[in-house]
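Down below is the structure, laid out as structure tokens.
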Amino acid sequence: MDRREIAALLAYIGRLDPRTIRTNQGEARDQLAQWHELLADVPTATPHGWDASVAARQHIRTSPYQIVPADLARPWESYRRDRLARHSDPTPSVDPDDQAAWSAELAGTRRAVAAGTTQPSQVRAITTGQDEIEPRLAARLREIGSCIPPAARAALAPYRPARAAREAAVAQGKPDALSVRCEWCLAQSGEPCRRRGIGPDGGARGTAPRDTPHPGRLDLAAAQQAQQTAQAQQPALA
Ligand SMILES: [Zn+2]
């Protein structure tokens, strides 16, 4: 509150409790200076529930003691505390790699909530969820949809051919060969098939991953997928 707002508040308080009125001009000036010094950071009102005149009226209504600045500062502090306690930091809309902007947005949102200019952002699970997501953040999520951005994923494909082939197969609705164990090279599920190197002496000489799974493994995955599809279509018979 600035000096004018404090003066207006003191005039209102004086109407409710005439004991607070200072008729001597010097005393009135001191009172105004004192209240302004102590309540400069307390707003007159916020769009979300705080009103200094309501807090003053409540004190005069319920307390036999003359109102002092603390009787407004205390409810203001508990208003701030209560709002911050109900606030769960929403995910900022800025680039997560921009540490400074990220922290600045988190802190800025908290300050706005504490100051009463923004409503606390509650945990998404309790509120409705999707439509509460900040629009700029929603756009970013749509663009990425994975922890690996599409451009990086495409750039990595040549270096992980088995993985890329698997993603392509799943995207096209084909059976995922890597979801089963290979009966041929004994690769565990999730691991690419391996080709065995034969040394000059005819012995095994280590293995290297294959870009494509062994044909038998593909057949096995297809059979398993067909079986799962059939089961899903007849849940009542299970
Ligand atoms: Zn294999």
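Residue numbering restarts at 1 for every chain of the structure tokens, chains are lettered A, B, ... in their displayed order, and ligands are numbered from 1 as they appear.
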
Can you list every residue in segment 21-233 of chain A that DSSP puts in alpha helix (DSSP H), as a VMD selection string? chain A and resid 25 to 39 52 to 62 70 to 86 99 to 114 135 to 144 150 to 156 161 to 171 215 to 233

Can you pull out the residues contacting segment 148-165 of chain A? Cut-off 8 Å, using only C-alpha atoms, and skip same-chain residues under 5 positions away; I want them as number ranges by chain. A: 192, 210-213

Contact check, chain A to ligand 1, at most 9 Å, counting only C-alpha atoms and all ligand atoms, closest pairs as a Markdown table:
| residue | atom | partner | partner_atom_place_in_ligand_line | distance |
| --- | --- | --- | --- | --- |
| A:Arg181 | CA | ligand 1 | 1 (Zn) | 8.0 |
| A:Cys182 | CA | ligand 1 | 1 (Zn) | 4.6 |
| A:Glu183 | CA | ligand 1 | 1 (Zn) | 6.7 |
| A:Trp184 | CA | ligand 1 | 1 (Zn) | 5.0 |
| A:Cys185 | CA | ligand 1 | 1 (Zn) | 4.2 |
| A:Leu186 | CA | ligand 1 | 1 (Zn) | 6.2 |
| A:Ala187 | CA | ligand 1 | 1 (Zn) | 5.8 |
| A:Gln188 | CA | ligand 1 | 1 (Zn) | 9.0 |
| A:Pro192 | CA | ligand 1 | 1 (Zn) | 7.3 |
| A:Cys193 | CA | ligand 1 | 1 (Zn) | 3.9 |
| A:Arg194 | CA | ligand 1 | 1 (Zn) | 5.9 |
| A:Arg195 | CA | ligand 1 | 1 (Zn) | 7.7 |
| A:Arg210 | CA | ligand 1 | 1 (Zn) | 8.1 |
| A:Thr212 | CA | ligand 1 | 1 (Zn) | 8.7 |
| A:Pro213 | CA | ligand 1 | 1 (Zn) | 5.5 |
| A:His214 | CA | ligand 1 | 1 (Zn) | 4.4 |
| A:Pro215 | CA | ligand 1 | 1 (Zn) | 7.9 |
| A:Gly216 | CA | ligand 1 | 1 (Zn) | 7.7 |
| A:Arg217 | CA | ligand 1 | 1 (Zn) | 6.3 |

Keeping only N, CA and C atoms, write the selected residues as a PDB file, in the first residue's frame.
ATOM      1  N   ARG A 181      12.434 -64.309 -27.503  1.00  0.00           N
ATOM      2  CA  ARG A 181      13.809 -64.812 -27.484  1.00  0.00           C
ATOM      3  C   ARG A 181      14.084 -65.466 -28.837  1.00  0.00           C
ATOM      4  N   CYS A 182      15.318 -65.293 -29.357  1.00  0.00           N
ATOM      5  CA  CYS A 182      15.643 -65.932 -30.630  1.00  0.00           C
ATOM      6  C   CYS A 182      16.080 -67.365 -30.384  1.00  0.00           C
ATOM      7  N   GLU A 183      15.393 -68.326 -31.044  1.00  0.00           N
ATOM      8  CA  GLU A 183      15.729 -69.745 -30.866  1.00  0.00           C
ATOM      9  C   GLU A 183      17.018 -70.088 -31.621  1.00  0.00           C
ATOM     10  N   TRP A 184      17.373 -69.251 -32.567  1.00  0.00           N
ATOM     11  CA  TRP A 184      18.529 -69.540 -33.424  1.00  0.00           C
ATOM     12  C   TRP A 184      19.843 -69.126 -32.750  1.00  0.00           C
ATOM     13  N   CYS A 185      19.941 -67.825 -32.381  1.00  0.00           N
ATOM     14  CA  CYS A 185      21.202 -67.344 -31.791  1.00  0.00           C
ATOM     15  C   CYS A 185      21.079 -67.161 -30.285  1.00  0.00           C
ATOM     16  N   LEU A 186      19.894 -67.487 -29.740  1.00  0.00           N
ATOM     17  CA  LEU A 186      19.656 -67.433 -28.292  1.00  0.00           C
ATOM     18  C   LEU A 186      19.726 -66.008 -27.710  1.00  0.00           C
ATOM     19  N   ALA A 187      19.529 -64.998 -28.567  1.00  0.00           N
ATOM     20  CA  ALA A 187      19.484 -63.624 -28.047  1.00  0.00           C
ATOM     21  C   ALA A 187      18.249 -63.472 -27.161  1.00  0.00           C
ATOM     22  N   GLN A 188      18.432 -62.869 -25.995  1.00  0.00           N
ATOM     23  CA  GLN A 188      17.307 -62.683 -25.072  1.00  0.00           C
ATOM     24  C   GLN A 188      16.340 -61.640 -25.652  1.00  0.00           C
ATOM     25  N   PRO A 192      19.252 -57.473 -29.644  1.00  0.00           N
ATOM     26  CA  PRO A 192      19.270 -57.799 -31.081  1.00  0.00           C
ATOM     27  C   PRO A 192      19.889 -59.176 -31.313  1.00  0.00           C
ATOM     28  N   CYS A 193      19.546 -59.768 -32.465  1.00  0.00           N
ATOM     29  CA  CYS A 193      20.173 -61.044 -32.832  1.00  0.00           C
ATOM     30  C   CYS A 193      21.668 -60.818 -33.042  1.00  0.00           C
ATOM     31  N   ARG A 194      22.440 -61.877 -32.883  1.00  0.00           N
ATOM     32  CA  ARG A 194      23.893 -61.737 -33.031  1.00  0.00           C
ATOM     33  C   ARG A 194      24.395 -62.710 -34.103  1.00  0.00           C
ATOM     34  N   ARG A 195      25.396 -62.269 -34.833  1.00  0.00           N
ATOM     35  CA  ARG A 195      26.025 -63.148 -35.826  1.00  0.00           C
ATOM     36  C   ARG A 195      27.329 -63.643 -35.231  1.00  0.00           C
ATOM     37  N   ARG A 210      23.315 -58.161 -35.224  1.00  0.00           N
ATOM     38  CA  ARG A 210      22.791 -58.077 -36.591  1.00  0.00           C
ATOM     39  C   ARG A 210      21.794 -56.926 -36.679  1.00  0.00           C
ATOM     40  N   THR A 212      19.199 -56.972 -38.646  1.00  0.00           N
ATOM     41  CA  THR A 212      17.868 -57.575 -38.774  1.00  0.00           C
ATOM     42  C   THR A 212      17.825 -58.848 -37.941  1.00  0.00           C
ATOM     43  N   PRO A 213      16.653 -59.173 -37.374  1.00  0.00           N
ATOM     44  CA  PRO A 213      16.549 -60.405 -36.590  1.00  0.00           C
ATOM     45  C   PRO A 213      16.584 -61.638 -37.499  1.00  0.00           C
ATOM     46  N   HIS A 214      16.902 -62.776 -36.922  1.00  0.00           N
ATOM     47  CA  HIS A 214      16.862 -64.032 -37.679  1.00  0.00           C
ATOM     48  C   HIS A 214      15.426 -64.306 -38.110  1.00  0.00           C
ATOM     49  N   PRO A 215      15.209 -64.898 -39.308  1.00  0.00           N
ATOM     50  CA  PRO A 215      13.850 -65.110 -39.825  1.00  0.00           C
ATOM     51  C   PRO A 215      12.971 -65.912 -38.866  1.00  0.00           C
ATOM     52  N   GLY A 216      13.562 -66.918 -38.215  1.00  0.00           N
ATOM     53  CA  GLY A 216      12.774 -67.738 -37.290  1.00  0.00           C
ATOM     54  C   GLY A 216      12.210 -66.912 -36.139  1.00  0.00           C
ATOM     55  N   ARG A 217      12.992 -65.929 -35.713  1.00  0.00           N
ATOM     56  CA  ARG A 217      12.563 -65.104 -34.591  1.00  0.00           C
ATOM     57  C   ARG A 217      11.379 -64.233 -35.002  1.00  0.00           C
TER      58      ARG A 217
END

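Pairwise distance (atom CA of Tyr65 of chain A, atom CA of Ala28 of chain A) equals 19.4 Å.
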
Determine the nearest neighbour of Asp176 of chain A from the options A:Leu84, A:Leu218, A:Ala55, A:Ile198, counting only C-alpha atoms.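 Looking only at the distances to Asp176 of chain A, the closest residue turns out to be A:Leu218.
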
Between atom CA of Pro18 of chain A and atom CA of Pro75 of chain A, what is the spacing in Å?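 The value is 22.4 Å.
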
Nearby residues (only C-alpha atoms) at most 12 Å from Asp51 of chain A, same-chain spacing under 4 positions excluded, as number ranges by chain: A: 1, 9, 42-47, 55-58, 72-73, 75-76, 79, 116

Could you please take those selected residues and save N, CA, C and O atoms as a PDB file, in the first residue's frame?
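Just written: result.pdb:
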ATOM      1  N   MET A   1       0.850  -1.190   0.000  1.00  0.00           N
ATOM      2  CA  MET A   1       0.000   0.000   0.000  1.00  0.00           C
ATOM      3  C   MET A   1       0.883   1.237   0.000  1.00  0.00           C
ATOM      4  O   MET A   1       1.850   1.300   0.763  1.00  0.00           O
ATOM      5  N   LEU A   9      -7.146   3.731   4.215  1.00  0.00           N
ATOM      6  CA  LEU A   9      -7.429   2.629   5.132  1.00  0.00           C
ATOM      7  C   LEU A   9      -7.606   3.154   6.554  1.00  0.00           C
ATOM      8  O   LEU A   9      -8.530   2.739   7.280  1.00  0.00           O
ATOM      9  N   VAL A  42       2.285  -4.760   1.912  1.00  0.00           N
ATOM     10  CA  VAL A  42       0.983  -5.439   1.966  1.00  0.00           C
ATOM     11  C   VAL A  42       0.043  -4.748   0.979  1.00  0.00           C
ATOM     12  O   VAL A  42      -0.154  -3.541   1.070  1.00  0.00           O
ATOM     13  N   PRO A  43      -0.517  -5.492   0.016  1.00  0.00           N
ATOM     14  CA  PRO A  43      -1.403  -4.837  -0.950  1.00  0.00           C
ATOM     15  C   PRO A  43      -2.765  -4.504  -0.348  1.00  0.00           C
ATOM     16  O   PRO A  43      -3.188  -5.124   0.629  1.00  0.00           O
ATOM     17  N   THR A  44      -3.435  -3.497  -0.920  1.00  0.00           N
ATOM     18  CA  THR A  44      -4.785  -3.150  -0.477  1.00  0.00           C
ATOM     19  C   THR A  44      -5.725  -4.326  -0.711  1.00  0.00           C
ATOM     20  O   THR A  44      -6.481  -4.723   0.171  1.00  0.00           O
ATOM     21  N   ALA A  45      -5.646  -4.884  -1.929  1.00  0.00           N
ATOM     22  CA  ALA A  45      -6.499  -6.022  -2.258  1.00  0.00           C
ATOM     23  C   ALA A  45      -5.846  -6.781  -3.402  1.00  0.00           C
ATOM     24  O   ALA A  45      -5.046  -6.222  -4.150  1.00  0.00           O
ATOM     25  N   THR A  46      -6.158  -8.070  -3.528  1.00  0.00           N
ATOM     26  CA  THR A  46      -5.699  -8.870  -4.667  1.00  0.00           C
ATOM     27  C   THR A  46      -6.932  -9.427  -5.355  1.00  0.00           C
ATOM     28  O   THR A  46      -8.012  -9.462  -4.753  1.00  0.00           O
ATOM     29  N   PRO A  47      -6.803  -9.863  -6.619  1.00  0.00           N
ATOM     30  CA  PRO A  47      -7.987 -10.425  -7.292  1.00  0.00           C
ATOM     31  C   PRO A  47      -8.441 -11.734  -6.663  1.00  0.00           C
ATOM     32  O   PRO A  47      -9.491 -12.253  -6.991  1.00  0.00           O
ATOM     33  N   ALA A  55      -9.714  -7.379   6.425  1.00  0.00           N
ATOM     34  CA  ALA A  55      -8.930  -7.861   7.559  1.00  0.00           C
ATOM     35  C   ALA A  55      -9.038  -6.882   8.732  1.00  0.00           C
ATOM     36  O   ALA A  55      -9.167  -7.290   9.895  1.00  0.00           O
ATOM     37  N   ALA A  56      -9.027  -5.553   8.442  1.00  0.00           N
ATOM     38  CA  ALA A  56      -9.133  -4.544   9.497  1.00  0.00           C
ATOM     39  C   ALA A  56     -10.501  -4.626  10.169  1.00  0.00           C
ATOM     40  O   ALA A  56     -10.612  -4.626  11.409  1.00  0.00           O
ATOM     41  N   ARG A  57     -11.526  -4.746   9.349  1.00  0.00           N
ATOM     42  CA  ARG A  57     -12.892  -4.817   9.883  1.00  0.00           C
ATOM     43  C   ARG A  57     -13.047  -6.052  10.769  1.00  0.00           C
ATOM     44  O   ARG A  57     -13.641  -5.988  11.852  1.00  0.00           O
ATOM     45  N   GLN A  58     -12.472  -7.176  10.319  1.00  0.00           N
ATOM     46  CA  GLN A  58     -12.557  -8.422  11.079  1.00  0.00           C
ATOM     47  C   GLN A  58     -11.896  -8.252  12.454  1.00  0.00           C
ATOM     48  O   GLN A  58     -12.425  -8.706  13.464  1.00  0.00           O
ATOM     49  N   LEU A  72      -2.773  -6.436  10.558  1.00  0.00           N
ATOM     50  CA  LEU A  72      -2.958  -6.610   9.112  1.00  0.00           C
ATOM     51  C   LEU A  72      -1.808  -7.417   8.524  1.00  0.00           C
ATOM     52  O   LEU A  72      -2.000  -8.242   7.630  1.00  0.00           O
ATOM     53  N   ALA A  73      -0.569  -7.182   9.036  1.00  0.00           N
ATOM     54  CA  ALA A  73       0.597  -7.882   8.497  1.00  0.00           C
ATOM     55  C   ALA A  73       0.482  -9.384   8.771  1.00  0.00           C
ATOM     56  O   ALA A  73       0.839 -10.202   7.917  1.00  0.00           O
ATOM     57  N   PRO A  75      -2.327 -11.433   9.219  1.00  0.00           N
ATOM     58  CA  PRO A  75      -3.216 -12.141   8.274  1.00  0.00           C
ATOM     59  C   PRO A  75      -2.673 -12.157   6.844  1.00  0.00           C
ATOM     60  O   PRO A  75      -2.874 -13.135   6.119  1.00  0.00           O
ATOM     61  N   TRP A  76      -1.964 -11.104   6.451  1.00  0.00           N
ATOM     62  CA  TRP A  76      -1.386 -11.097   5.103  1.00  0.00           C
ATOM     63  C   TRP A  76      -0.335 -12.207   4.966  1.00  0.00           C
ATOM     64  O   TRP A  76      -0.314 -12.935   3.973  1.00  0.00           O
ATOM     65  N   TYR A  79      -2.012 -15.481   4.724  1.00  0.00           N
ATOM     66  CA  TYR A  79      -2.627 -15.604   3.390  1.00  0.00           C
ATOM     67  C   TYR A  79      -1.579 -16.079   2.384  1.00  0.00           C
ATOM     68  O   TYR A  79      -1.792 -17.010   1.611  1.00  0.00           O
ATOM     69  N   GLY A 116      -0.698 -13.024  -4.566  1.00  0.00           N
ATOM     70  CA  GLY A 116      -2.139 -13.067  -4.762  1.00  0.00           C
ATOM     71  C   GLY A 116      -2.599 -12.653  -6.137  1.00  0.00           C
ATOM     72  O   GLY A 116      -3.791 -12.489  -6.353  1.00  0.00           O
TER      73      GLY A 116
END

Which residues are close to Leu106 of chain A, i.e. within 9 Å by only C-alpha atoms, leaving aside same-chain residues fewer than 4 positions away? Reply as a ChimeraX atom specification. /A:89-92,101-102,110-111

Hey, which of A:Ala33, A:Ser88, A:Asp95, A:Thr20 ends up closest to Ile60 of chain A? Count only C-alpha atoms. A:Thr20

Polymer residues at most 12 Å from Trp35 of chain A, only C-alpha atoms, same-chain spacing of 5 or more positions, as a PyMOL selection string: chain A and resi 1-10+28-30+40-42+67-73

Quick one: distance from atom CA of Gln122 of chain A to atom CA of Ser53 of chain A in Å, one decimal? 28.2 Å

Mind listing the strand (DSSP E) residues of segment 2-219 of chain A, per DSSP on the backbone, as a VMD selection string? chain A and resid 194 to 198 204 to 209

Write to file, as a short mmCIF file (atom, residue, chain, number, x, y, z; two decimals), in the first residue's frame, the residues of the selection just made, with C-alpha atoms.
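Produced file out.cif, reproduced below:
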data_model
loop_
_atom_site.label_atom_id
_atom_site.label_comp_id
_atom_site.auth_asym_id
_atom_site.auth_seq_id
_atom_site.Cartn_x
_atom_site.Cartn_y
_atom_site.Cartn_z
CA ARG A 194 23.89 -61.74 -33.03
CA ARG A 195 26.03 -63.15 -35.83
CA ARG A 196 28.77 -65.52 -34.85
CA GLY A 197 32.21 -64.89 -36.29
CA ILE A 198 34.18 -67.98 -37.27
CA ALA A 204 33.81 -69.04 -32.53
CA ARG A 205 35.46 -65.65 -32.59
CA GLY A 206 33.09 -63.38 -30.72
CA THR A 207 29.75 -62.12 -31.91
CA ALA A 208 28.42 -58.93 -33.51
CA PRO A 209 24.85 -57.63 -33.39
#
